[in-house]
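Next comes data-v3.txt, a file with compact mmCIF, C-alpha atoms.
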```txt
# COMPACT_ATOMS: atom_id res chain seq x y z
CA MET A 1 -21.29 42.35 -155.35
CA PRO A 2 -18.29 42.11 -152.97
CA PRO A 3 -15.48 39.73 -153.95
CA ALA A 4 -15.49 36.24 -152.45
CA PRO A 5 -13.31 35.96 -149.33
CA GLN A 6 -9.87 34.46 -149.77
CA ILE A 7 -9.83 30.75 -148.95
CA LEU A 8 -7.76 30.78 -145.78
CA PRO A 9 -8.16 29.00 -142.42
CA VAL A 10 -10.53 30.96 -140.19
CA PRO A 11 -9.66 31.98 -136.62
CA ASN A 12 -11.02 30.12 -133.60
CA PRO A 13 -12.01 26.76 -135.10
CA VAL A 14 -14.34 24.55 -133.06
CA PRO A 15 -12.22 22.48 -130.63
CA SER A 16 -12.05 18.77 -131.41
CA TYR A 17 -11.58 15.78 -129.14
CA TRP A 18 -8.17 15.10 -130.69
CA LEU A 19 -6.85 18.56 -129.73
CA THR A 20 -7.10 17.95 -125.99
CA PRO A 21 -4.70 18.47 -124.37
CA PRO A 22 -2.93 20.88 -126.73
CA SER A 23 0.69 20.32 -127.65
CA LYS A 24 3.31 22.31 -125.76
CA HIS A 25 4.26 23.65 -129.20
CA ALA A 26 0.71 24.49 -130.29
CA ARG A 27 1.53 28.20 -130.67
CA LEU A 28 5.25 27.88 -131.28
CA ARG A 29 7.32 30.53 -132.99
CA SER A 30 10.88 29.24 -133.08
CA THR A 31 12.10 32.80 -133.53
CA SER A 32 10.37 36.01 -132.52
CA THR A 33 10.55 37.32 -136.07
CA LEU A 34 10.23 35.59 -139.41
CA PRO A 35 13.47 34.56 -141.07
CA GLN A 36 14.21 36.73 -144.07
CA SER A 37 14.99 33.70 -146.23
CA CYS A 38 15.18 29.92 -146.22
CA THR A 39 15.78 27.03 -148.57
CA ILE A 40 12.37 25.31 -148.34
CA THR A 41 9.07 26.57 -146.96
CA ILE A 42 6.29 24.14 -146.12
CA ILE A 43 2.87 25.75 -145.88
CA GLY A 44 0.57 23.73 -143.61
CA SER A 45 1.39 21.85 -140.41
CA GLY A 46 -0.98 18.90 -140.68
CA MET A 47 0.16 15.38 -141.42
CA ALA A 48 1.06 16.23 -145.04
CA GLY A 49 3.25 19.19 -144.12
CA VAL A 50 4.94 17.69 -141.08
CA LEU A 51 5.70 14.33 -142.67
CA THR A 52 7.18 16.12 -145.68
CA VAL A 53 9.42 18.05 -143.27
CA TYR A 54 10.29 14.81 -141.49
CA HIS A 55 11.45 13.13 -144.69
CA LEU A 56 13.30 16.20 -145.96
CA LEU A 57 15.28 16.42 -142.74
CA GLN A 58 16.38 12.82 -143.11
CA SER A 59 18.08 13.53 -146.42
CA ALA A 60 21.89 13.37 -146.66
CA ASN A 61 22.25 17.15 -146.36
CA PRO A 62 19.19 18.46 -144.50
CA PRO A 63 18.09 21.85 -145.84
CA SER A 64 16.93 24.81 -143.80
CA ILE A 65 13.15 24.49 -143.54
CA LEU A 66 10.48 26.94 -142.48
CA LEU A 67 7.15 25.42 -141.46
CA LEU A 68 4.35 27.98 -141.67
CA GLU A 69 0.92 27.43 -140.12
CA ALA A 70 -2.00 29.84 -140.36
CA ARG A 71 -3.39 28.85 -136.95
CA ASP A 72 -2.14 26.69 -134.07
CA LEU A 73 0.06 23.73 -134.92
CA CYS A 74 -1.87 20.91 -136.62
CA SER A 75 -5.30 22.46 -136.07
CA GLY A 76 -6.84 21.57 -139.45
CA ALA A 77 -8.18 18.35 -140.93
CA THR A 78 -5.55 16.10 -139.36
CA ALA A 79 -6.87 17.03 -135.92
CA ARG A 80 -10.50 16.69 -137.00
CA ASN A 81 -10.76 13.36 -138.82
CA GLY A 82 -11.63 9.79 -137.83
CA GLY A 83 -8.14 8.68 -136.91
CA HIS A 84 -8.03 5.51 -138.99
CA VAL A 85 -6.21 4.37 -142.11
CA LYS A 86 -8.31 2.13 -144.33
CA ILE A 87 -9.90 1.67 -147.71
CA LYS A 88 -13.59 0.72 -147.76
CA THR A 89 -14.58 -2.46 -149.56
CA ALA A 90 -17.23 -0.46 -151.41
CA THR A 91 -14.52 1.86 -152.71
CA LEU A 92 -12.50 -1.07 -154.03
CA ALA A 93 -15.58 -2.67 -155.56
CA GLY A 94 -16.40 0.61 -157.32
CA LEU A 95 -13.11 0.62 -159.24
CA SER A 96 -13.02 -0.57 -162.81
CA GLY A 97 -11.00 -3.74 -162.48
CA ASN A 98 -8.50 -6.00 -160.82
CA SER A 99 -5.36 -3.93 -161.41
CA GLU A 100 -6.89 -0.74 -159.99
CA ARG A 101 -8.25 -2.53 -156.91
CA ASN A 102 -4.99 -4.31 -156.23
CA ALA A 103 -2.95 -1.13 -156.71
CA LEU A 104 -5.07 0.95 -154.32
CA GLN A 105 -5.24 -1.70 -151.63
CA THR A 106 -1.49 -2.34 -151.93
CA TYR A 107 -0.83 1.37 -151.61
CA VAL A 108 -2.96 1.78 -148.48
CA ARG A 109 -1.27 -1.22 -146.88
CA ARG A 110 2.06 0.42 -147.68
CA VAL A 111 0.87 3.59 -145.95
CA MET A 112 0.09 1.52 -142.86
CA SER A 113 3.58 0.00 -142.97
CA ASP A 114 5.21 3.40 -143.39
CA LEU A 115 3.30 4.76 -140.41
CA ALA A 116 4.15 1.72 -138.31
CA ARG A 117 7.83 2.09 -139.16
CA ILE A 118 7.90 5.76 -138.15
CA VAL A 119 5.98 5.09 -134.94
CA GLU A 120 8.38 2.29 -133.99
CA SER A 121 11.57 4.15 -134.88
CA GLU A 122 10.44 7.24 -132.96
CA GLY A 123 9.07 5.29 -129.98
CA MET A 124 5.64 6.85 -130.34
CA GLY A 125 3.33 3.84 -130.08
CA ASP A 126 1.81 4.61 -126.69
CA GLU A 127 1.98 8.37 -127.19
CA CYS A 128 -0.18 8.37 -130.34
CA GLU A 129 -2.10 5.14 -129.59
CA PHE A 130 -1.05 3.53 -132.86
CA GLU A 131 -2.65 0.15 -133.53
CA LEU A 132 -2.90 -2.34 -136.36
CA ARG A 133 -6.40 -3.71 -135.91
CA LYS A 134 -9.46 -5.05 -137.69
CA SER A 135 -12.19 -2.95 -139.23
CA TRP A 136 -15.71 -3.72 -140.39
CA ASP A 137 -17.63 -2.34 -143.37
CA VAL A 138 -21.17 -3.02 -142.20
CA PHE A 139 -24.26 -2.83 -144.39
CA LEU A 140 -27.82 -2.27 -143.14
CA ASP A 141 -29.44 -2.58 -146.55
CA GLU A 142 -29.52 -6.01 -148.17
CA GLU A 143 -29.64 -4.76 -151.76
CA GLU A 144 -26.56 -2.59 -151.27
CA PHE A 145 -24.68 -5.40 -149.53
CA GLU A 146 -25.51 -7.93 -152.25
CA ARG A 147 -24.30 -5.50 -154.92
CA ILE A 148 -20.89 -5.14 -153.26
CA LYS A 149 -20.78 -8.84 -152.41
CA GLY A 150 -21.41 -9.69 -156.06
CA VAL A 151 -18.28 -7.79 -157.09
CA TYR A 152 -16.31 -9.34 -154.23
CA ASP A 153 -17.45 -12.91 -155.04
CA ASP A 154 -16.62 -12.49 -158.72
CA ALA A 155 -13.16 -11.10 -157.89
CA LYS A 156 -12.51 -13.83 -155.34
CA GLY A 157 -13.46 -16.45 -157.90
CA LYS A 158 -10.84 -14.95 -160.19
CA GLU A 159 -8.33 -14.99 -157.31
CA GLU A 160 -7.81 -11.24 -157.41
CA ALA A 161 -5.18 -10.45 -154.80
CA TRP A 162 -7.16 -7.74 -152.98
CA THR A 163 -9.79 -10.22 -151.87
CA GLY A 164 -7.16 -12.12 -149.87
CA HIS A 165 -7.16 -9.24 -147.37
CA VAL A 166 -10.95 -8.96 -147.10
CA ARG A 167 -13.32 -11.38 -145.37
CA CYS A 168 -17.05 -11.42 -146.14
CA VAL A 169 -19.67 -12.22 -143.50
CA GLY A 170 -23.24 -12.85 -144.58
CA SER A 171 -26.57 -12.14 -142.93
CA ASP A 172 -26.49 -15.20 -140.67
CA ASN A 173 -23.49 -13.97 -138.70
CA ALA A 174 -23.13 -10.26 -139.47
CA ALA A 175 -24.96 -8.91 -136.42
CA ARG A 176 -23.25 -11.34 -134.06
CA GLU A 177 -19.72 -10.67 -135.35
CA THR A 178 -20.02 -6.90 -135.72
CA SER A 179 -22.31 -6.21 -132.71
CA ILE A 180 -24.44 -3.99 -134.94
CA LYS A 181 -28.11 -4.78 -134.49
CA ASP A 182 -29.47 -4.47 -138.01
CA ALA A 183 -26.43 -5.68 -139.94
CA VAL A 184 -27.30 -7.75 -143.03
CA GLY A 185 -23.71 -8.26 -144.16
CA ALA A 186 -20.17 -7.06 -143.55
CA PHE A 187 -16.59 -7.13 -144.79
CA GLU A 188 -13.60 -7.34 -142.47
CA SER A 189 -10.11 -6.03 -143.25
CA GLU A 190 -6.94 -4.94 -141.46
CA ILE A 191 -6.43 -1.23 -140.87
CA ALA A 192 -4.38 1.14 -138.74
CA SER A 193 -5.64 3.66 -136.23
CA LEU A 194 -3.93 6.36 -134.21
CA TRP A 195 -4.30 9.71 -132.48
CA PRO A 196 -3.39 11.88 -135.52
CA TYR A 197 -2.72 15.10 -133.62
CA ARG A 198 -0.37 13.45 -131.15
CA PHE A 199 1.43 11.67 -133.99
CA VAL A 200 2.07 14.93 -135.85
CA THR A 201 2.93 17.07 -132.83
CA GLY A 202 5.09 14.28 -131.45
CA LEU A 203 7.14 14.32 -134.64
CA VAL A 204 7.49 18.09 -134.40
CA ASP A 205 8.72 17.74 -130.81
CA ARG A 206 11.41 15.30 -131.90
CA MET A 207 12.49 17.26 -134.97
CA LEU A 208 12.92 20.46 -132.95
CA VAL A 209 15.31 18.62 -130.63
CA ARG A 210 17.14 16.84 -133.42
CA TYR A 211 17.40 19.69 -135.94
CA PRO A 212 17.28 22.96 -133.96
CA GLU A 213 19.35 24.80 -136.55
CA ARG A 214 17.49 23.41 -139.55
CA LEU A 215 13.80 23.69 -138.62
CA ASN A 216 11.97 26.92 -137.86
CA VAL A 217 8.27 26.64 -136.95
CA GLN A 218 6.01 29.68 -137.14
CA THR A 219 2.38 29.16 -136.10
CA ASN A 220 -0.44 31.70 -136.43
CA THR A 221 1.31 33.05 -139.50
CA PRO A 222 -0.93 32.66 -142.54
CA VAL A 223 0.55 33.13 -145.99
CA THR A 224 -1.75 35.57 -147.75
CA HIS A 225 0.10 36.15 -151.02
CA MET A 226 3.02 34.80 -152.99
CA GLU A 227 4.99 36.07 -155.92
CA GLU A 228 7.77 34.56 -157.99
CA ILE A 229 10.80 36.86 -158.05
CA ALA A 230 14.40 36.62 -159.24
CA GLN A 231 15.60 35.23 -155.90
CA GLY A 232 12.88 32.57 -155.67
CA THR A 233 9.41 33.06 -154.19
CA LEU A 234 8.31 36.00 -152.06
CA LEU A 235 5.79 34.99 -149.39
CA THR A 236 3.64 37.60 -147.67
CA THR A 237 2.22 37.15 -144.16
CA PRO A 238 0.67 39.56 -141.64
CA ARG A 239 4.04 39.45 -139.83
CA GLY A 240 6.17 40.37 -142.82
CA THR A 241 7.63 38.87 -145.97
CA LEU A 242 10.31 36.29 -146.68
CA THR A 243 12.08 34.79 -149.67
CA THR A 244 12.31 31.05 -150.17
CA GLU A 245 13.95 28.94 -152.85
CA LYS A 246 11.30 26.21 -152.85
CA VAL A 247 7.71 25.88 -151.59
CA VAL A 248 5.63 22.84 -150.70
CA PHE A 249 1.87 23.44 -150.48
CA ALA A 250 0.47 21.07 -147.86
CA THR A 251 -2.68 23.17 -147.86
CA ASN A 252 -5.39 20.66 -148.85
CA ALA A 253 -8.80 22.41 -148.72
CA TRP A 254 -7.20 25.88 -148.64
CA THR A 255 -4.99 25.35 -151.71
CA ALA A 256 -6.95 27.73 -153.96
CA GLY A 257 -6.41 30.52 -151.43
CA LEU A 258 -2.83 30.76 -152.69
CA LEU A 259 -2.99 28.90 -155.99
CA ASP A 260 -5.93 30.52 -157.75
CA ALA A 261 -5.65 28.09 -160.67
CA PHE A 262 -6.99 25.39 -158.35
CA LYS A 263 -10.27 27.16 -157.54
CA ASP A 264 -12.20 24.76 -159.80
CA THR A 265 -10.02 21.78 -158.91
CA ILE A 266 -9.90 21.53 -155.10
CA THR A 267 -13.08 22.58 -153.31
CA PRO A 268 -13.37 23.05 -149.53
CA VAL A 269 -16.08 20.77 -148.13
CA LYS A 270 -17.28 20.98 -144.53
CA GLY A 271 -17.92 17.85 -142.50
CA MET A 272 -18.55 16.96 -138.88
CA ALA A 273 -17.49 14.44 -136.26
CA CYS A 274 -17.99 13.79 -132.57
CA HIS A 275 -16.71 11.85 -129.60
CA ILE A 276 -19.29 9.73 -127.79
CA ARG A 277 -18.64 8.57 -124.25
CA PRO A 278 -20.65 6.00 -122.28
CA SER A 279 -21.49 7.06 -118.73
CA ARG A 280 -22.47 3.57 -117.58
CA HIS A 281 -21.05 0.07 -117.95
CA VAL A 282 -21.10 -1.32 -121.49
CA ASP A 283 -21.57 -5.06 -121.96
CA VAL A 284 -19.85 -5.12 -125.37
CA HIS A 285 -16.39 -3.55 -125.68
CA LEU A 286 -15.72 -2.49 -129.25
CA SER A 287 -12.19 -3.32 -130.38
CA ASN A 288 -12.61 -2.82 -134.15
CA THR A 289 -13.23 0.30 -136.22
CA TYR A 290 -16.27 0.60 -138.48
CA ASN A 291 -17.80 2.08 -141.57
CA ILE A 292 -21.58 1.74 -141.32
CA HIS A 293 -23.53 2.00 -144.58
CA PHE A 294 -26.96 3.31 -143.60
CA ALA A 295 -28.68 3.02 -147.01
CA PRO A 296 -31.50 3.22 -147.99
CA ALA A 297 -31.59 6.35 -145.80
CA SER A 298 -29.15 7.75 -148.34
CA SER A 299 -27.03 6.42 -151.17
CA THR A 300 -24.09 8.12 -149.50
CA GLY A 301 -25.12 7.48 -145.91
CA VAL A 302 -21.90 6.20 -144.34
CA ASP A 303 -20.58 6.85 -140.84
CA TYR A 304 -17.10 5.93 -139.65
CA LEU A 305 -16.39 4.91 -136.06
CA ASN A 306 -13.08 4.60 -134.25
CA PRO A 307 -13.37 3.13 -130.72
CA ARG A 308 -10.70 4.60 -128.47
CA PRO A 309 -8.73 2.77 -125.75
CA ASP A 310 -10.55 4.79 -123.06
CA GLY A 311 -13.91 3.32 -124.11
CA GLY A 312 -15.13 6.35 -126.04
CA ILE A 313 -15.95 6.37 -129.76
CA VAL A 314 -14.99 8.92 -132.42
CA VAL A 315 -17.79 9.07 -135.00
CA GLY A 316 -17.86 11.01 -138.24
CA GLY A 317 -20.14 11.28 -141.26
CA GLY A 318 -23.85 12.00 -141.15
CA ALA A 319 -23.56 13.94 -144.40
CA TRP A 320 -27.01 13.02 -145.65
CA PHE A 321 -28.53 15.17 -142.90
CA PHE A 322 -27.15 18.32 -144.53
CA LYS A 323 -26.23 17.25 -148.06
CA ALA A 324 -29.35 18.77 -149.63
CA HIS A 325 -28.32 22.23 -148.43
CA GLU A 326 -25.12 22.87 -150.42
CA ALA A 327 -24.35 26.23 -148.85
CA LEU A 328 -23.82 24.49 -145.53
CA TRP A 329 -20.93 22.40 -146.79
CA LYS A 330 -19.84 22.88 -150.43
CA GLY A 331 -17.25 25.62 -150.74
CA ASN A 332 -17.61 26.24 -147.00
CA PHE A 333 -14.25 26.55 -145.22
CA ASP A 334 -15.52 27.87 -141.90
CA ASP A 335 -14.77 25.28 -139.20
CA SER A 336 -15.46 27.78 -136.43
CA VAL A 337 -19.19 27.03 -136.62
CA ARG A 338 -20.98 23.75 -135.90
CA PHE A 339 -23.94 22.42 -137.84
CA ALA A 340 -27.43 23.04 -136.50
CA ALA A 341 -28.83 20.96 -133.67
CA GLY A 342 -31.18 19.24 -136.12
CA VAL A 343 -28.16 17.86 -137.98
CA GLU A 344 -26.26 16.89 -134.84
CA ARG A 345 -29.33 15.02 -133.58
CA HIS A 346 -28.12 12.08 -135.69
CA TRP A 347 -25.56 11.45 -132.95
CA THR A 348 -27.17 13.05 -129.90
CA GLY A 349 -30.29 10.88 -130.10
CA GLU A 350 -28.97 7.68 -128.50
CA TYR A 351 -26.86 6.78 -131.54
CA MET A 352 -24.81 4.03 -129.89
CA GLN A 353 -27.79 2.62 -127.97
CA LYS A 354 -29.81 2.23 -131.17
CA THR A 355 -26.95 0.91 -133.30
CA PHE A 356 -24.91 -1.50 -131.15
CA GLN A 357 -25.80 -4.57 -129.15
CA GLY A 358 -24.94 -4.25 -125.46
CA TRP A 359 -25.04 -0.45 -125.45
CA GLU A 360 -28.73 -0.07 -124.63
CA ASP A 361 -28.10 1.01 -121.03
CA SER A 362 -24.84 2.84 -121.62
CA ALA A 363 -26.33 6.36 -121.48
CA ALA A 364 -23.75 7.16 -124.16
CA SER A 365 -23.82 10.68 -125.58
CA PRO A 366 -21.43 13.08 -127.32
CA ASP A 367 -19.13 15.08 -125.08
CA CYS A 368 -17.55 16.87 -128.04
CA ILE A 369 -18.89 17.72 -131.52
CA TRP A 370 -16.79 19.55 -134.08
CA THR A 371 -16.48 20.45 -137.75
CA GLY A 372 -13.60 20.13 -140.19
CA ILE A 373 -12.76 21.07 -143.76
CA MET A 374 -11.84 18.54 -146.44
CA GLY A 375 -10.30 19.22 -149.84
CA VAL A 376 -12.42 17.54 -152.51
CA THR A 377 -11.28 17.26 -156.13
CA ARG A 378 -13.41 17.10 -159.26
CA ASP A 379 -12.11 13.68 -160.30
CA GLY A 380 -11.85 12.22 -156.80
CA LYS A 381 -8.06 11.94 -156.96
CA ALA A 382 -5.36 13.73 -154.99
CA HIS A 383 -3.01 16.28 -156.53
CA ILE A 384 0.63 15.36 -155.89
CA GLY A 385 3.81 16.68 -157.48
CA ARG A 386 5.22 19.81 -159.05
CA VAL A 387 2.67 22.62 -159.23
CA PRO A 388 1.86 23.19 -162.91
CA GLY A 389 2.10 26.59 -164.54
CA ARG A 390 4.77 28.08 -162.28
CA THR A 391 7.60 30.01 -163.93
CA LYS A 392 10.47 28.75 -161.78
CA LYS A 393 9.11 25.21 -161.31
CA GLN A 394 10.17 25.20 -157.67
CA HIS A 395 6.73 24.64 -156.16
CA TRP A 396 5.38 21.22 -155.16
CA MET A 397 2.09 20.17 -153.61
CA LEU A 398 0.37 17.41 -151.68
CA ALA A 399 -3.34 18.22 -151.43
CA GLY A 400 -6.90 17.29 -152.40
CA PHE A 401 -7.36 14.18 -150.27
CA ASN A 402 -11.15 13.85 -150.63
CA GLY A 403 -11.54 13.05 -146.95
CA GLY A 404 -9.06 10.16 -147.15
CA GLY A 405 -5.74 11.79 -146.37
CA MET A 406 -4.88 9.38 -143.58
CA SER A 407 -4.76 6.56 -146.13
CA LEU A 408 -2.58 8.50 -148.54
CA ILE A 409 -0.18 10.94 -146.91
CA ALA A 410 2.47 8.86 -145.15
CA THR A 411 3.85 7.37 -148.37
CA ALA A 412 3.06 10.28 -150.70
CA SER A 413 4.96 12.67 -148.43
CA ARG A 414 8.09 10.56 -148.88
CA ALA A 415 7.66 10.86 -152.63
CA VAL A 416 7.17 14.64 -152.45
CA ALA A 417 10.28 15.02 -150.30
CA LYS A 418 12.31 13.14 -152.87
CA MET A 419 10.89 15.29 -155.69
CA VAL A 420 11.88 18.45 -153.84
CA VAL A 421 15.40 17.31 -152.93
CA GLU A 422 16.22 15.84 -156.35
CA ASP A 423 14.11 18.20 -158.50
CA LEU A 424 12.00 15.37 -159.91
CA GLU A 425 8.56 14.94 -161.46
CA TYR A 426 5.69 12.77 -160.25
CA GLU A 427 6.43 10.25 -163.01
CA ASP A 428 10.02 9.90 -161.77
CA VAL A 429 8.95 8.60 -158.34
CA SER A 430 5.48 7.09 -158.79
CA ALA A 431 6.67 3.51 -159.36
CA GLU A 432 9.13 3.63 -156.47
CA PHE A 433 6.44 4.65 -153.99
CA GLY A 434 3.51 2.81 -155.55
CA LEU A 435 1.63 6.02 -156.25
CA ILE A 436 -1.65 5.60 -158.09
CA GLU A 437 -2.00 6.55 -161.74
CA GLY A 438 -3.88 9.84 -162.01
CA TRP A 439 -2.70 11.32 -158.71
CA GLY A 440 -0.02 13.42 -160.36
CA THR A 441 -1.08 17.03 -160.73
CA ASP A 442 -0.83 18.52 -164.22
CA VAL A 443 -2.37 21.13 -166.49
CA GLU A 444 -4.47 18.59 -168.37
CA ARG A 445 -6.32 17.51 -165.22
CA MET A 446 -6.95 21.11 -164.24
CA GLU A 447 -8.23 22.01 -167.69
CA GLU A 448 -10.70 19.12 -167.50
CA ASP A 449 -11.96 20.57 -164.22
CA THR A 450 -12.87 23.86 -165.91
CA SER A 451 -14.40 22.38 -169.07
```

With the file now loaded, output its structure as C-alpha cells.
Amino acid sequence: MPPAPQILPVPNPVPSYWLTPPSKHARLRSTSTLPQSCTITIIGSGMAGVLTVYHLLQSANPPSILLLEARDLCSGATARNGGHVKIKTATLAGLSGNSERNALQTYVRRVMSDLARIVESEGMGDECEFELRKSWDVFLDEEEFERIKGVYDDAKGKEEAWTGHVRCVGSDNAARETSIKDAVGAFESEIASLWPYRFVTGLVDRMLVRYPERLNVQTNTPVTHMEEIAQGTLLTTPRGTLTTEKVVFATNAWTAGLLDAFKDTITPVKGMACHIRPSRHVDVHLSNTYNIHFAPASSTGVDYLNPRPDGGIVVGGGAWFFKAHEALWKGNFDDSVRFAAGVERHWTGEYMQKTFQGWEDSAASPDCIWTGIMGVTRDGKAHIGRVPGRTKKQHWMLAGFNGGGMSLIATASRAVAKMVVEDLEYEDVSAEFGLIEGWGTDVERMEEDTS
C-alpha cells in the first residue's frame, strides 16, 4: 500500500468569491531567490501568519522576517470562509458554566476590538468592508430553540454577564425581525464582518512599503521538510533550502504535513461555501449576518450567511448533505475539487427564495461555489504557543481553529508575536491577552489525542 500523501496545500484550488480581484502581490517573490538565512520564518500567509508578521514588525527592534506561502498569497481558509467574527449563542450555551461562557464571549469581543483598531489605524475600513453589525442565530426547530433558550433564561436570571450582549426573540416576532420565513426563535448579538482576503493582503501591501528591508515574501514556495540543526532550523522547499533561527507555524489544517506529531491532533476537514446574487429587485435588504439552525434536518445543520454591501450573500455550511460520507471531507485537504452537484443543490435550488421573506421573485442563484479546508482538533480547541517536543524550543504555532479562526486569530496572533520576541510560554501571556484555558498546545493534550 503506497504511503499517504504529505499534507500540503494542493495546486490550483477552486477560486472563491473573496479572491476576486486578486491582490497585486498574489504571486509575490520579494527576491528572485530564497534568502539563505533569516531571523524568523512564518509559514502560512493567511490571517494567522500575516497578523503575526504585523505584530512582530511593530516590536521595538523589528527582526528580519521571511513569509513563506505554498500557493498564492492568502489563498487558503482565510480567503474561503464566511467573513464574519462571532460566537454562536448555541456554542455559549453548550459550555459548562458562567465563567467559561463569559470568558469566551469576552475574548471574541476583544478580537473584534483588535480588528477594529487595526482597520482604523491602517485606514482600511472601506478597502476591506469592515463593519460592526448585528447578527442573528435563527432556529427553525422549536425543540432546539427552547433547549438553548432554557440555558439563556437561566443564565439571564442569574445575571451572567454574557447574556447582556445577547437578545432573545420568541416565536411571535422571530420571523418578522429576522425575515426568515419559518423562524421559531432567534438570538441577536453584535459581531464584526469584513472582506478577509482584502484585509490580509492590504496589510501585506502596507508592510512591504513600511519595512522593505525587514520583510521578504515568497509565494508558491511550499516548505516540504524541516530539520533542527546547530544553526537553527533548516527548511527545505522546491526552490532550495534556508536556515532560520525561529519558526512560526501558521499552517492550520496543513500542520501535520510538517509536524508529524500533530497527525492525530489537527485533522484537515473540507467544507464549502458560495456567493449568491439576486438578479432582480429584492424587497427586503438584509443588513445583518446569520447562522440558521436547520434542525431537525440534522443535529449539526447550520448555515452561516454574510450579506455583502453589493447585495449578494456569502453562504457556507450545508455539511449534513455530505457528512455521512467521511471520505468526502474528513482528512480531505483537496480544495481544488468541488462537492458533487447533489450536495451543491442545497444552495442552487432557490435557497434564498425559500428561506427569506421578500426574496421570492429575486431569481437569486450562486455565481460562485468553492471549497476550503479547516483544521479541526480532537478536543475542539485551538493549539497556540511553543511547539512541544522540539529540541531547540524555537518553534511556535497558531493553528487548529475548528472553522472559527476569524473569531480567534486577531488577538492570539498578538500573543504569539510576544512569545516569539520575548521567548515566552503560553502561560506567560494568556492572562494578558485573555486567551482561553486549554488553548495552549502541550504534550499532554497531544497524548490524549492518541489514547

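Minimum distance to A:Thr236 across A:Ala273, A:Ala341, A:Leu68, A:Ala192 (counting only C-alpha atoms) occurs at A:Leu68.
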
Which stretch 356-405 of chain A residues have any atom within 8 Å of an atom of stretch 164-187 of chain A, and for each, what is the nearest pair of atoms with distance in Å to one decimal, counting all atoms listed in the file, rows sorted by chain and number, as CSV?
```
residue,atom,partner,partner_atom,distance
A:Phe356,CA,A:Ile180,CA,4.6
A:Gln357,CA,A:Ser179,CA,5.2
A:Gly358,CA,A:Ser179,CA,8.0
```

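For A:Gly389, the set of protein, DNA and RNA residues having any atom at most 12 Å away, when counting all atoms listed in the file and skipping those fewer than 6 positions along the same chain, is Glu228, Leu259, Asp260, Ala261, Phe262, His395, Trp396, Thr441, Asp442, Val443, Glu444, Met446 and Glu447 of chain A.
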
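When all atoms listed in the file are used to compute distances to A:Trp254, the closest of the residues A:Ala410, A:Ala79, A:Leu208, A:Met374 turns out to be A:Met374.
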
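In this model, the gap between atom CA of A:Leu140 and atom CA of A:Tyr290 comes to 12.8 Å.
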
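Proximity ranking of A:Val247, A:Ala295, A:Ile7, A:Leu194 relative to A:Lys392 places A:Val247 first, based on only C-alpha atoms.
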
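Here atom CA of A:Thr89 stands at a distance of 18.2 Å from atom CA of A:Phe401.
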
Closest of A:Gly202, A:His84, A:Leu242, A:Pro13 to A:Thr41, counting only C-alpha atoms, is A:Leu242

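Contact shell of A:Leu286 at 10 Å (only C-alpha atoms; same-chain neighbours under 5 positions omitted): Thr178, Ser179, Asn306, Pro307, Arg308, Pro309, Gly311, Gly312, Ile313 and Phe356 of chain A.
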
When you look at A:Val421 with a cut-off of 9 Å (counting only C-alpha atoms), what residues show up, excluding the ones that are within fewer than 3 positions of it in the same chain? I need them as a PyMOL selection string. chain A and resi 56+59+63+416-418+424

Which of A:Glu131, A:Asp141, A:Asp334, A:Asp154 sits closest to A:Gly76 [using only C-alpha atoms]: A:Asp334

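Residue neighbourhood of A:Cys74, excluding near-sequence residues (fewer than 6 positions): Ser45, Gly46 and Tyr197 of chain A, at 7 Å, using only C-alpha atoms.
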
Fill-in result for stretch 122-133 of chain A, N, CA and C atoms as a tab-separated table (two decimals), keeping the file's coordinate frame:
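Now in rebuild_11.tsv:
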```
chain	number	residue	atom	x	y	z
A	122	GLU	N	10.49	6.06	-133.82
A	122	GLU	CA	10.44	7.24	-132.96
A	122	GLU	C	9.93	6.93	-131.55
A	123	GLY	N	9.57	5.67	-131.30
A	123	GLY	CA	9.07	5.29	-129.98
A	123	GLY	C	7.80	6.00	-129.59
A	124	MET	N	6.85	6.06	-130.54
A	124	MET	CA	5.64	6.85	-130.34
A	124	MET	C	4.38	6.02	-130.14
A	125	GLY	N	4.50	4.70	-130.07
A	125	GLY	CA	3.33	3.84	-130.08
A	125	GLY	C	2.30	4.19	-129.02
A	126	ASP	N	2.74	4.29	-127.77
A	126	ASP	CA	1.81	4.61	-126.69
A	126	ASP	C	1.36	6.07	-126.76
A	127	GLU	N	2.27	6.93	-127.13
A	127	GLU	CA	1.98	8.37	-127.19
A	127	GLU	C	0.84	8.68	-128.16
A	128	CYS	N	0.85	8.06	-129.35
A	128	CYS	CA	-0.18	8.37	-130.34
A	128	CYS	C	-1.18	7.23	-130.52
A	129	GLU	N	-1.13	6.24	-129.61
A	129	GLU	CA	-2.10	5.14	-129.59
A	129	GLU	C	-2.21	4.45	-130.95
A	130	PHE	N	-1.05	4.20	-131.56
A	130	PHE	CA	-1.05	3.53	-132.86
A	130	PHE	C	-1.37	2.05	-132.70
A	131	GLU	N	-2.27	1.56	-133.55
A	131	GLU	CA	-2.65	0.15	-133.53
A	131	GLU	C	-2.88	-0.36	-134.95
A	132	LEU	N	-2.45	-1.59	-135.20
A	132	LEU	CA	-2.90	-2.34	-136.36
A	132	LEU	C	-4.04	-3.21	-135.87
A	133	ARG	N	-5.22	-3.04	-136.45
A	133	ARG	CA	-6.40	-3.71	-135.91
A	133	ARG	C	-7.35	-4.05	-137.04
```
